[in-house]
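Q: Quick one, target_25.cif (mmCIF, C-alpha atoms):
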data_target
#
loop_
_atom_site.label_atom_id
_atom_site.label_comp_id
_atom_site.auth_asym_id
_atom_site.auth_seq_id
_atom_site.Cartn_x
_atom_site.Cartn_y
_atom_site.Cartn_z
CA SER L 1 -125.96 -3.82 96.99
CA MET L 2 -127.67 -3.24 93.65
CA PHE L 3 -124.26 -3.51 91.97
CA GLU L 4 -123.78 -6.99 93.44
CA ARG L 5 -127.23 -8.06 92.20
CA ALA L 6 -126.43 -6.75 88.71
CA LEU L 7 -123.13 -8.64 88.70
CA GLU L 8 -124.86 -11.87 89.72
CA VAL L 9 -126.85 -11.61 86.52
CA ARG L 10 -123.93 -10.46 84.39
CA PRO L 11 -120.46 -10.85 86.01
CA ASP L 12 -118.68 -8.88 83.28
CA PHE L 13 -121.06 -5.88 83.39
CA ALA L 14 -118.47 -3.08 83.15
CA ILE L 15 -120.72 -0.27 84.41
CA ALA L 16 -121.61 -2.20 87.56
CA LEU L 17 -117.96 -3.18 88.11
CA LYS L 18 -116.82 0.46 87.89
CA ASN L 19 -119.66 1.67 90.10
CA ARG L 20 -118.75 -0.90 92.72
CA ALA L 21 -115.11 0.19 92.49
CA SER L 22 -116.22 3.80 92.94
CA THR L 23 -118.14 2.79 96.07
CA LEU L 24 -115.07 1.01 97.42
CA LEU L 25 -113.02 4.14 96.73
CA GLU L 26 -115.46 6.33 98.65
CA ALA L 27 -115.34 3.85 101.54
CA GLY L 28 -111.55 4.08 101.63
CA MET L 29 -111.05 0.42 100.70
CA LEU L 30 -108.23 1.34 98.37
CA ASP L 31 -106.45 -1.99 97.92
CA VAL L 32 -109.66 -3.85 97.03
CA CYS L 33 -110.69 -1.00 94.73
CA ILE L 34 -107.34 -1.04 92.93
CA ALA L 35 -107.43 -4.83 92.50
CA GLU L 36 -110.89 -4.71 90.94
CA LEU L 37 -109.96 -1.89 88.58
CA GLU L 38 -106.81 -3.70 87.49
CA GLU L 39 -109.02 -6.62 86.51
CA ILE L 40 -111.28 -4.31 84.50
CA LEU L 41 -108.29 -2.80 82.72
CA ARG L 42 -106.99 -6.23 81.79
CA HIS L 43 -110.12 -6.66 79.68
CA GLU L 44 -110.56 -2.99 78.66
CA PRO L 45 -107.05 -1.45 78.70
CA ALA L 46 -108.20 1.89 77.27
CA ASP L 47 -111.23 2.48 79.54
CA PRO L 48 -110.83 6.13 80.64
CA GLU L 49 -113.21 5.86 83.62
CA ALA L 50 -111.35 2.84 84.99
CA HIS L 51 -108.00 4.62 84.55
CA ASN L 52 -109.36 7.71 86.31
CA LEU L 53 -110.76 5.67 89.20
CA ILE L 54 -107.62 3.63 89.75
CA ALA L 55 -105.55 6.82 89.51
CA SER L 56 -107.71 8.39 92.23
CA ALA L 57 -107.21 5.36 94.47
CA LEU L 58 -103.46 5.35 93.89
CA HIS L 59 -103.37 9.11 94.48
CA MET L 60 -105.13 8.69 97.82
CA ARG L 61 -102.68 5.92 98.74
CA GLY L 62 -99.74 8.16 97.94
CA ASP L 63 -98.53 6.26 94.86
CA LEU L 64 -98.11 9.43 92.82
CA LYS L 65 -96.01 7.97 90.02
CA ASP L 66 -98.52 5.22 89.18
CA ALA L 67 -101.43 7.62 89.68
CA GLU L 68 -99.91 10.02 87.17
CA THR L 69 -99.53 7.17 84.64
CA HIS L 70 -103.22 6.29 84.91
CA TYR L 71 -104.42 9.91 84.78
CA ARG L 72 -102.45 10.31 81.55
CA ALA L 73 -103.97 7.10 80.19
CA ALA L 74 -107.45 8.40 81.02
CA LEU L 75 -106.76 11.65 79.19
CA ALA L 76 -105.25 9.82 76.21
CA SER L 77 -108.53 7.94 75.77
CA SER L 78 -110.78 10.85 76.79
CA PRO L 79 -109.11 14.28 76.40
CA GLU L 80 -112.28 15.98 77.69
CA MET L 81 -112.07 14.30 81.12
CA SER L 82 -111.46 17.44 83.13
CA THR L 83 -111.39 15.65 86.50
CA ALA L 84 -108.34 13.69 85.38
CA ALA L 85 -106.66 16.87 84.11
CA THR L 86 -107.29 18.64 87.43
CA ALA L 87 -105.98 15.69 89.44
CA LEU L 88 -102.90 15.45 87.22
CA GLY L 89 -102.35 19.16 87.83
CA ALA L 90 -102.57 18.57 91.57
CA ILE L 91 -99.86 15.89 91.36
CA HIS L 92 -97.55 18.20 89.44
CA HIS L 93 -98.39 20.96 91.92
CA SER L 94 -97.46 18.79 94.90
CA LYS L 95 -94.11 18.04 93.26
CA ARG L 96 -93.56 21.76 92.54
CA GLU L 97 -93.71 21.13 88.81
CA TYR L 98 -95.58 24.36 88.37
CA GLN L 99 -95.43 24.78 84.61
CA GLU L 100 -96.85 21.30 84.05
CA ALA L 101 -99.45 21.85 86.76
CA ALA L 102 -100.62 25.10 85.20
CA GLU L 103 -100.94 23.41 81.81
CA SER L 104 -103.13 20.66 83.28
CA TYR L 105 -105.31 23.14 85.19
CA ARG L 106 -105.83 25.17 82.02
CA LYS L 107 -106.89 22.06 80.11
CA ALA L 108 -109.43 21.25 82.82
CA LEU L 109 -110.84 24.79 82.85
CA ALA L 110 -111.11 24.84 79.06
CA VAL L 111 -113.50 21.88 79.33
CA THR L 112 -115.16 22.74 82.65
CA PRO L 113 -114.88 26.49 83.41
CA GLU L 114 -116.62 26.03 86.77
CA ASP L 115 -113.98 23.53 88.02
CA THR L 116 -113.15 25.17 91.36
CA SER L 117 -110.19 22.90 92.14
CA ALA L 118 -108.49 23.71 88.85
CA ALA L 119 -109.15 27.43 89.31
CA VAL L 120 -107.73 27.38 92.84
CA GLY L 121 -104.63 25.49 91.72
CA LEU L 122 -103.95 27.81 88.79
CA ALA L 123 -104.60 30.92 90.89
CA ALA L 124 -102.13 29.70 93.52
CA ILE L 125 -99.47 29.26 90.83
CA PHE L 126 -100.14 32.78 89.53
CA GLY L 127 -99.61 34.00 93.09
CA LEU L 128 -96.26 32.21 93.35
CA GLU L 129 -95.20 33.75 90.05
CA GLY L 130 -96.02 37.28 91.24
CA ARG L 131 -99.18 37.58 89.09
CA PRO L 132 -101.94 37.96 91.70
CA GLU L 133 -104.26 39.96 89.44
CA GLU L 134 -104.42 37.08 86.96
CA GLY L 135 -105.18 34.70 89.80
CA LEU L 136 -108.01 36.85 91.13
CA ALA L 137 -109.52 37.08 87.67
CA LEU L 138 -110.25 33.34 87.91
CA PHE L 139 -112.51 34.05 90.91
CA ASP L 140 -114.48 37.00 89.55
CA ARG L 141 -117.76 35.10 89.41
CA ALA L 142 -117.27 33.20 92.67
CA LEU L 143 -116.35 36.27 94.74
CA SER L 144 -119.55 38.01 93.72
CA ASN L 145 -121.73 34.98 94.51
CA PRO L 146 -121.10 33.82 98.11
CA PRO L 147 -120.90 31.60 100.03
CA LEU L 148 -117.34 30.82 98.94
CA SER L 149 -115.66 27.46 99.16
CA PRO L 150 -112.85 27.46 101.76
CA ALA L 151 -110.24 26.86 99.04
CA VAL L 152 -111.43 29.83 96.97
CA ALA L 153 -111.62 32.11 100.02
CA ALA L 154 -108.15 31.17 101.33
CA THR L 155 -106.51 31.47 97.92
CA ALA L 156 -108.25 34.75 97.10
CA SER L 157 -107.19 36.09 100.49
CA ARG L 158 -103.53 35.34 99.75
CA LEU L 159 -103.74 37.03 96.35
CA LEU L 160 -105.47 40.10 97.78
CA ARG L 161 -102.79 40.36 100.47
CA GLN L 162 -100.14 40.35 97.75
CA LEU L 163 -101.89 43.39 96.28
CA GLY L 164 -102.11 45.12 99.66
CA ARG L 165 -105.90 44.78 99.77
CA GLN L 166 -106.20 43.39 103.30
CA ASP L 167 -109.76 44.60 103.90
CA GLU L 168 -111.01 42.71 100.86
CA ALA L 169 -109.03 39.65 101.97
CA CYS L 170 -110.80 39.74 105.36
CA SER L 171 -114.14 40.09 103.60
CA ALA L 172 -113.46 37.03 101.42
CA LEU L 173 -112.76 34.87 104.48
CA LYS L 174 -116.06 35.94 106.05
CA LYS L 175 -118.02 34.68 103.04
CA VAL L 176 -117.35 31.00 103.81
CA ALA L 177 -120.09 28.76 105.17
CA MET L 178 -118.34 27.32 108.23
CA GLN L 179 -120.58 24.31 108.88
CA GLY L 180 -119.18 20.85 108.24
CA LEU L 181 -115.65 21.87 107.28
CA GLY L 182 -112.94 19.22 107.21
CA ASP L 183 -109.53 19.54 108.85
CA THR L 184 -107.76 20.67 105.66
CA ASP L 185 -110.27 23.46 105.02
CA ARG L 186 -110.18 24.64 108.62
CA SER L 187 -106.40 24.70 108.49
CA SER L 188 -106.21 26.73 105.26
CA LEU L 189 -108.70 29.29 106.59
CA SER L 190 -106.83 29.62 109.89
CA PHE L 191 -103.56 30.19 108.05
CA ALA L 192 -105.22 32.90 105.95
CA ARG L 193 -106.66 34.61 109.05
CA ALA L 194 -103.29 34.36 110.80
CA ASP L 195 -101.53 36.09 107.91
CA LEU L 196 -104.01 38.97 108.06
CA LEU L 197 -103.64 39.29 111.83
CA HIS L 198 -99.88 39.39 111.35
CA ASP L 199 -100.27 42.12 108.71
CA ALA L 200 -102.33 44.12 111.21
CA GLY L 201 -99.59 43.82 113.85
CA ASP L 202 -101.66 41.65 116.20
CA ASN L 203 -98.92 39.09 116.65
CA ILE L 204 -100.35 37.40 119.75
CA ALA L 205 -103.63 36.61 117.99
CA ALA L 206 -101.74 35.65 114.81
CA PHE L 207 -99.56 33.17 116.70
CA SER L 208 -102.64 31.60 118.26
CA GLU L 209 -104.27 31.27 114.83
CA TYR L 210 -101.13 29.76 113.30
CA ARG L 211 -101.05 27.21 116.13
CA ARG L 212 -104.71 26.38 115.45
CA ALA L 213 -103.98 25.97 111.73
CA ASN L 214 -101.08 23.60 112.36
CA SER L 215 -103.05 21.53 114.85
CA CYS L 216 -105.58 20.65 112.12
CA VAL L 217 -103.12 18.75 109.95
CA PRO L 218 -100.35 16.24 110.71
CA ASP L 219 -96.72 17.36 110.63
CA THR L 220 -95.08 15.85 107.53
CA PHE L 221 -91.67 17.53 107.77
CA ASP L 222 -88.81 15.02 107.91
CA PRO L 223 -85.82 16.77 109.55
CA VAL L 224 -83.53 13.76 109.11
CA GLY L 225 -84.35 13.48 105.42
CA TYR L 226 -83.95 17.22 104.94
CA ARG L 227 -80.54 17.18 106.61
CA ARG L 228 -79.57 14.32 104.29
CA ILE L 229 -80.53 16.42 101.24
CA VAL L 230 -78.51 19.41 102.44
CA ASP L 231 -75.46 17.30 103.32
CA ARG L 232 -75.60 15.70 99.88
CA LEU L 233 -75.60 19.12 98.18
CA ILE L 234 -72.70 20.33 100.32
CA GLY L 235 -70.74 17.15 99.59
CA PHE L 236 -71.26 17.49 95.84
CA PHE L 237 -70.78 21.20 95.18
CA THR L 238 -67.23 21.50 96.50
CA ARG L 239 -64.89 24.28 95.39
CA GLU L 240 -62.80 21.79 93.45
CA ARG L 241 -65.77 20.30 91.58
CA LEU L 242 -67.26 23.72 90.82
CA ARG L 243 -63.98 24.77 89.22
CA LYS L 244 -64.14 21.78 86.84
CA MET L 245 -67.88 21.51 86.16
CA GLU L 246 -69.49 22.05 82.78
CA ARG L 247 -71.31 25.39 82.55
CA SER L 248 -74.16 26.51 80.33
CA GLY L 249 -71.97 29.00 78.51
CA HIS L 250 -74.63 31.65 79.16
CA ALA L 251 -72.93 34.97 79.91
CA SER L 252 -76.02 36.85 81.15
CA ASP L 253 -75.66 38.74 84.42
CA ARG L 254 -79.35 39.68 84.40
CA PRO L 255 -80.63 37.29 87.14
CA VAL L 256 -80.45 38.38 90.77
CA PHE L 257 -81.40 35.62 93.21
CA VAL L 258 -82.62 36.71 96.65
CA VAL L 259 -82.42 33.72 98.97
CA GLY L 260 -82.70 32.91 102.67
CA MET L 261 -85.16 31.58 105.19
CA PRO L 262 -88.81 32.68 104.90
CA ARG L 263 -89.38 35.95 106.81
CA SER L 264 -85.70 36.85 106.52
CA GLY L 265 -86.40 39.98 104.46
CA THR L 266 -86.43 38.66 100.90
CA THR L 267 -89.62 40.56 100.02
CA LEU L 268 -88.27 43.84 101.42
CA VAL L 269 -85.01 43.41 99.48
CA GLU L 270 -86.95 42.80 96.27
CA GLN L 271 -89.11 45.88 96.87
CA VAL L 272 -86.04 48.04 97.42
CA LEU L 273 -84.40 46.73 94.25
CA ALA L 274 -87.59 47.03 92.17
CA ALA L 275 -87.73 50.76 92.94
CA HIS L 276 -84.84 51.10 90.49
CA SER L 277 -85.96 51.75 86.92
CA LYS L 278 -83.61 49.14 85.47
CA ILE L 279 -84.64 46.26 87.75
CA GLN L 280 -87.62 44.00 87.02
CA ALA L 281 -89.09 42.12 90.01
CA SER L 282 -90.54 38.71 89.12
CA GLY L 283 -91.62 37.39 92.53
CA GLU L 284 -91.01 33.83 93.64
CA ARG L 285 -90.20 31.92 90.49
CA THR L 286 -90.13 28.14 90.77
CA ARG L 287 -88.38 27.24 87.55
CA LEU L 288 -85.11 26.16 89.15
CA PHE L 289 -86.92 23.43 91.09
CA ASP L 290 -88.60 22.42 87.82
CA TYR L 291 -85.17 22.12 86.23
CA VAL L 292 -83.88 19.98 89.10
CA ARG L 293 -86.68 17.50 88.49
CA LYS L 294 -86.20 17.53 84.72
CA LEU L 295 -82.45 17.02 84.91
CA ALA L 296 -82.94 14.28 87.50
CA GLU L 297 -85.43 12.53 85.17
CA GLY L 298 -88.24 12.98 87.67
CA ASP L 299 -86.35 11.36 90.56
CA PRO L 300 -84.22 13.93 92.44
CA GLU L 301 -83.91 11.62 95.45
CA LYS L 302 -82.01 9.16 93.27
CA ASN L 303 -80.22 11.37 90.74
CA TRP L 304 -79.70 14.87 92.13
CA PRO L 305 -77.24 16.55 92.03
CA GLU L 306 -74.94 13.80 90.68
CA VAL L 307 -76.70 13.91 87.29
CA LEU L 308 -74.95 17.23 86.60
CA ASP L 309 -71.70 15.34 86.05
CA ARG L 310 -73.19 13.85 82.89
CA THR L 311 -75.38 16.73 81.69
CA PRO L 312 -74.17 18.23 78.38
CA ARG L 313 -73.58 21.95 77.96
CA SER L 314 -76.30 22.14 75.31
CA ARG L 315 -78.92 21.01 77.84
CA LEU L 316 -77.71 23.54 80.43
CA ALA L 317 -77.76 26.31 77.81
CA GLU L 318 -81.34 25.36 76.89
CA LEU L 319 -82.47 25.68 80.51
CA ALA L 320 -80.67 29.01 81.00
CA THR L 321 -82.38 30.41 77.92
CA ASP L 322 -85.74 29.08 79.10
CA TYR L 323 -85.30 30.75 82.49
CA LEU L 324 -84.83 34.17 80.89
CA THR L 325 -87.75 33.74 78.51
CA GLY L 326 -91.06 35.39 79.26
CA VAL L 327 -89.97 38.16 81.63
CA GLU L 328 -89.52 41.38 79.70
CA GLY L 329 -87.84 44.58 80.74
CA GLY L 330 -85.05 45.40 83.14
CA GLU L 331 -81.30 45.06 82.97
CA ARG L 332 -81.65 42.98 86.11
CA LEU L 333 -84.32 40.39 86.97
CA THR L 334 -84.96 39.45 90.60
CA ASP L 335 -86.12 36.01 91.74
CA LYS L 336 -86.97 36.01 95.43
CA LEU L 337 -87.91 32.38 96.06
CA PRO L 338 -86.24 31.95 99.48
CA ALA L 339 -85.68 28.19 99.09
CA ASN L 340 -83.39 28.76 96.13
CA PHE L 341 -80.58 28.52 98.66
CA LEU L 342 -80.91 24.81 97.85
CA ASN L 343 -80.24 25.62 94.17
CA LEU L 344 -77.11 27.77 94.48
CA GLY L 345 -75.03 25.08 92.80
CA LEU L 346 -77.42 24.92 89.85
CA ILE L 347 -77.50 28.74 89.68
CA ASN L 348 -73.71 28.79 89.39
CA VAL L 349 -73.83 26.19 86.61
CA LEU L 350 -76.56 27.95 84.61
CA PHE L 351 -75.57 31.59 85.26
CA PRO L 352 -71.95 31.94 86.37
CA ASN L 353 -72.34 35.74 86.27
CA ALA L 354 -75.59 35.93 88.26
CA ARG L 355 -75.74 37.85 91.53
CA VAL L 356 -76.99 36.24 94.76
CA ILE L 357 -78.27 38.18 97.77
CA PHE L 358 -78.35 36.03 100.90
CA CYS L 359 -80.73 37.38 103.56
CA ARG L 360 -79.90 36.47 107.15
CA ARG L 361 -81.99 37.18 110.23
CA ASN L 362 -82.13 36.01 113.82
CA PRO L 363 -83.55 32.45 113.81
CA LEU L 364 -86.22 33.47 116.34
CA ASP L 365 -87.60 35.87 113.73
CA VAL L 366 -87.76 33.39 110.88
#
With the file now loaded, output its structure as structure tokens.
A:
Amino acid sequence: SMFERALEVRPDFAIALKNRASTLLEAGMLDVCIAELEEILRHEPADPEAHNLIASALHMRGDLKDAETHYRAALASSPEMSTAATALGAIHHSKREYQEAAESYRKALAVTPEDTSAAVGLAAIFGLEGRPEEGLALFDRALSNPPLSPAVAATASRLLRQLGRQDEACSALKKVAMQGLGDTDRSSLSFARADLLHDAGDNIAAFSEYRRANSCVPDTFDPVGYRRIVDRLIGFFTRERLRKMERSGHASDRPVFVVGMPRSGTTLVEQVLAAHSKIQASGERTRLFDYVRKLAEGDPEKNWPEVLDRTPRSRLAELATDYLTGVEGGERLTDKLPANFLNLGLINVLFPNARVIFCRRNPLDV
């Protein structure tokens, strides 16, 4: 290649070395790419492009911890590198560290307002937090200038559904250019179409579309690992331990946690409660999962929930206060993230006076 010819003339030519590494990355030769970039960084330890490239390779290989380190190094040397900020946001997003993800996406958009990936990520987080209007506002320009990217269309569709605007959601999905789509894009669009078919009561067609969506991507659920997590929680949060555990000292009875399996009725319960003038609905908040990761020092698999035995009351009080910050109004505050059934022990530690509503439904319906 031309890069090889340039390196024959000048073996330490950094631009050619990084361009060759970029070519290796595009070809999927991750190990070779990483080795070459490590060599570059030995000579130029602050090179932001090299850090960003090696982070991308590590990210693709699934080494998220090391990828995050290199993305941060790239941003430390070049704060305006929006691609690194977006990718760092995606890592936080995949780990459900939504506050950190949103911060990274915002930094990327401040530098590059047309960064679609950052806009999609931030909009999705707004949707999870029950703020669909703010998410849609990120797509104002895109929605009026089709064709839409699959990610924008699928995300906008979800947000419009949250607002009860199913016709507009259908219209957004029809504005995608369907040629040359990859498996991930086809899957996200099929899931979006399936949700709309389900809303319309066409369950047979919806089921077929859900099956099509799932067939596009590999199944990554680990039932053995999941059972291990649940058994560990049950083994730790015994009645005896809960009686002795340190609490936050926070007396608030404001939080109401609606938990259960998805499709078990959590949304309906929240809607019924929110009809009361003294109850503020806040959607599916993800902060408790953020707190799990923070308390576990970023490694829940190793440290959670045992770390609670050595967590001081002051730290627990800080998290309880943080949870209640930012949501105004209402003597009661609902949080309807169904998976918070995994966080009932933490809820009891942070808010001993909180209410929990456990939704149960026939397993065939969930």
Q: Within 9 Å of range 194-211 of chain L, counting only C-alpha atoms, which residues qualify if same-chain residues fewer than 2 places away don't, as a PyMOL selection string?
A: chain L and resi 157-158+161+166+169-170+187+189-192+213-216
Q: Can you list, as a list in words, every protein, DNA or RNA residue that comes within 10 Å of Asp253 in chain L when you count only C-alpha atoms, leaving out same-chain residues fewer than 3 positions away?
A: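 Result of the neighbour search: His250, Val256, Glu331, Arg332, Leu333, Phe351, Pro352, Asn353, Ala354 and Arg355 of chain L.
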Q: To one decimal place in Å, what is the distance between CA of Arg131 in chain L and CA of Ala156 in chain L?
A: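 CA of Ala156 in chain L lies at a distance of 12.4 Å from CA of Arg131 in chain L.
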Q: Expand the PyMOL selection byres ((chain L and resi 363) around 10) into the explicit residue set it covers here, and present it as a ChimeraX atom specification.
A: /L:261,263-264,360-362,364-366
Q: Would you write out, as JSON lines, a table of all residues in range 171-282 of chain L that have an atom no more than 12 Å from an atom of range 136-142 of chain L, listing for each the closest atom pair and the distance in Å to one decimal, considering only C-alpha atoms and ordering rows by chain and rising residue number?
A:
{"residue": "L:Ala172", "atom": "CA", "partner": "L:Ala142", "partner_atom": "CA", "distance": 10.3}
{"residue": "L:Lys175", "atom": "CA", "partner": "L:Ala142", "partner_atom": "CA", "distance": 10.5}
{"residue": "L:Val176", "atom": "CA", "partner": "L:Ala142", "partner_atom": "CA", "distance": 11.4}
Q: Once the PyMOL selection byres ((chain L and resi 48) around 9) has been applied to the shown file, what residues remain in the selection, as a PyMOL selection string?
A: chain L and resi 45-47+49-53+70-71+73-78+81
Q: Using only C-alpha atoms, which residues sit within 8 Å of range 107-118 of chain L once same-chain residues fewer than 6 positions away are excluded, as a list in words?
A: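 Residues meeting the cut-off are Glu80, Met81, Ser82, Thr83, Ala85, Thr86, Gly89, Ala151 and Val152 of chain L.
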Q: I'd like the contact shell of range 269-272 of chain L - 12 Å cut-off, only C-alpha atoms, skipping same-chain residues fewer than 2 positions apart - returned as a count of residues only.
A: 33
Q: Got a sec to resolve the PyMOL selection byres ((chain L and resi 125) around 9) on this structure and send the residues as an NGL selection string?
A: :L and (93 or 98-99 or 101-102 or 120-124 or 126-131 or 135)
Q: As an exercise, work out the distance from CA of Ala87 in chain L to CA of Arg72 in chain L in Å and give it to one decimal place.
A: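 That distance, rounded to one decimal, is 10.2 Å.
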Q: If the box runs along x, y and z of the file and leaves 6 Å on each side of range 167-185 of chain L, what are its centre and edge lengths in Å, one decimal, as lines of an AutoDock Vina configuration file?
A:
center_x = -114.2
center_y = 31.9
center_z = 104.9
size_x = 24.8
size_y = 37.4
size_z = 20.0
Q: Of the residues L:Glu97, L:His43, L:Leu288, L:Met60, which is the one nearest to Ala27 in chain L, using only C-alpha atoms?
A: L:Met60
Q: Go through L:Thr325, L:Ser104, L:Thr184, L:Asn343 one by one, measure the shortest atom-to-atom distance of each to Tyr291 in chain L using all atoms listed in the file, and give the residue with the smallest value.
A: L:Asn343
Q: What is the CA of Ile347 in chain L to CA of Leu316 in chain L distance in Å?
A: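 Between these atoms lies a distance of 10.6 Å.
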Q: Between L:Ile54, L:Leu346, L:Thr286, L:Ser22, which one has atoms that come closest to Ala35 in chain L, using only C-alpha atoms?
A: L:Ile54
Q: Nearest residue to Val327 in chain L out of L:Arg241, L:Arg285, L:Arg228, L:Arg20, using all atoms listed in the file?
A: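 Nearest candidate to Val327 in chain L out of L:Arg241, L:Arg285, L:Arg228, L:Arg20: L:Arg285.
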Q: Can you work out which one of L:Glu133, L:Gly225, L:Thr321, L:Asp290 has the shortest atom-to-atom distance to His92 in chain L, counting all atoms listed in the file?
A: L:Asp290
Q: With a distance cut-off of 12 Å and only C-alpha atoms, select the neighbouring residues of range 297-300 of chain L, excluding the residue or stretch itself and same-chain residues fewer than 6 positions from it, and output the selection as number ranges by chain.
A: L: 64-65, 92, 95-97, 229, 232-233, 289-291, 306-308, 311
Q: Which residue gives the smallest distance to Trp304 in chain L among L:Val230, L:Ala55, L:Tyr323, L:Arg239, with all atoms listed in the file counted?
A: L:Val230
Q: Please produce range 120-131 of chain L, completed to N, CA, C and O atoms, as a CSV table (one decimal), keeping the file's coordinate frame.
A:
chain,number,residue,atom,x,y,z
L,120,VAL,N,-108.5,27.1,91.6
L,120,VAL,CA,-107.7,27.4,92.8
L,120,VAL,C,-106.3,27.0,92.6
L,120,VAL,O,-105.4,27.8,93.0
L,121,GLY,N,-106.0,25.9,92.0
L,121,GLY,CA,-104.6,25.5,91.7
L,121,GLY,C,-103.9,26.5,90.8
L,121,GLY,O,-102.8,26.9,91.1
L,122,LEU,N,-104.6,26.9,89.7
L,122,LEU,CA,-104.0,27.8,88.8
L,122,LEU,C,-103.7,29.2,89.4
L,122,LEU,O,-102.7,29.8,89.2
L,123,ALA,N,-104.7,29.6,90.2
L,123,ALA,CA,-104.6,30.9,90.9
L,123,ALA,C,-103.4,30.9,91.9
L,123,ALA,O,-102.7,31.9,92.0
L,124,ALA,N,-103.3,29.8,92.6
L,124,ALA,CA,-102.1,29.7,93.5
L,124,ALA,C,-100.8,29.8,92.8
L,124,ALA,O,-99.8,30.4,93.3
L,125,ILE,N,-100.7,29.2,91.6
L,125,ILE,CA,-99.5,29.3,90.8
L,125,ILE,C,-99.2,30.7,90.4
L,125,ILE,O,-98.1,31.2,90.4
L,126,PHE,N,-100.3,31.4,89.9
L,126,PHE,CA,-100.1,32.8,89.5
L,126,PHE,C,-99.6,33.6,90.7
L,126,PHE,O,-98.8,34.5,90.5
L,127,GLY,N,-100.1,33.3,91.9
L,127,GLY,CA,-99.6,34.0,93.1
L,127,GLY,C,-98.1,33.8,93.3
L,127,GLY,O,-97.4,34.7,93.6
L,128,LEU,N,-97.7,32.5,93.2
L,128,LEU,CA,-96.3,32.2,93.4
L,128,LEU,C,-95.4,32.9,92.3
L,128,LEU,O,-94.2,33.3,92.6
L,129,GLU,N,-96.0,33.1,91.1
L,129,GLU,CA,-95.2,33.8,90.0
L,129,GLU,C,-95.3,35.3,90.1
L,129,GLU,O,-94.8,35.9,89.2
L,130,GLY,N,-95.9,35.8,91.1
L,130,GLY,CA,-96.0,37.3,91.2
L,130,GLY,C,-97.0,37.9,90.3
L,130,GLY,O,-96.9,39.0,89.9
L,131,ARG,N,-98.1,37.1,90.0
L,131,ARG,CA,-99.2,37.6,89.1
L,131,ARG,C,-100.5,37.5,89.8
L,131,ARG,O,-101.5,36.8,89.3
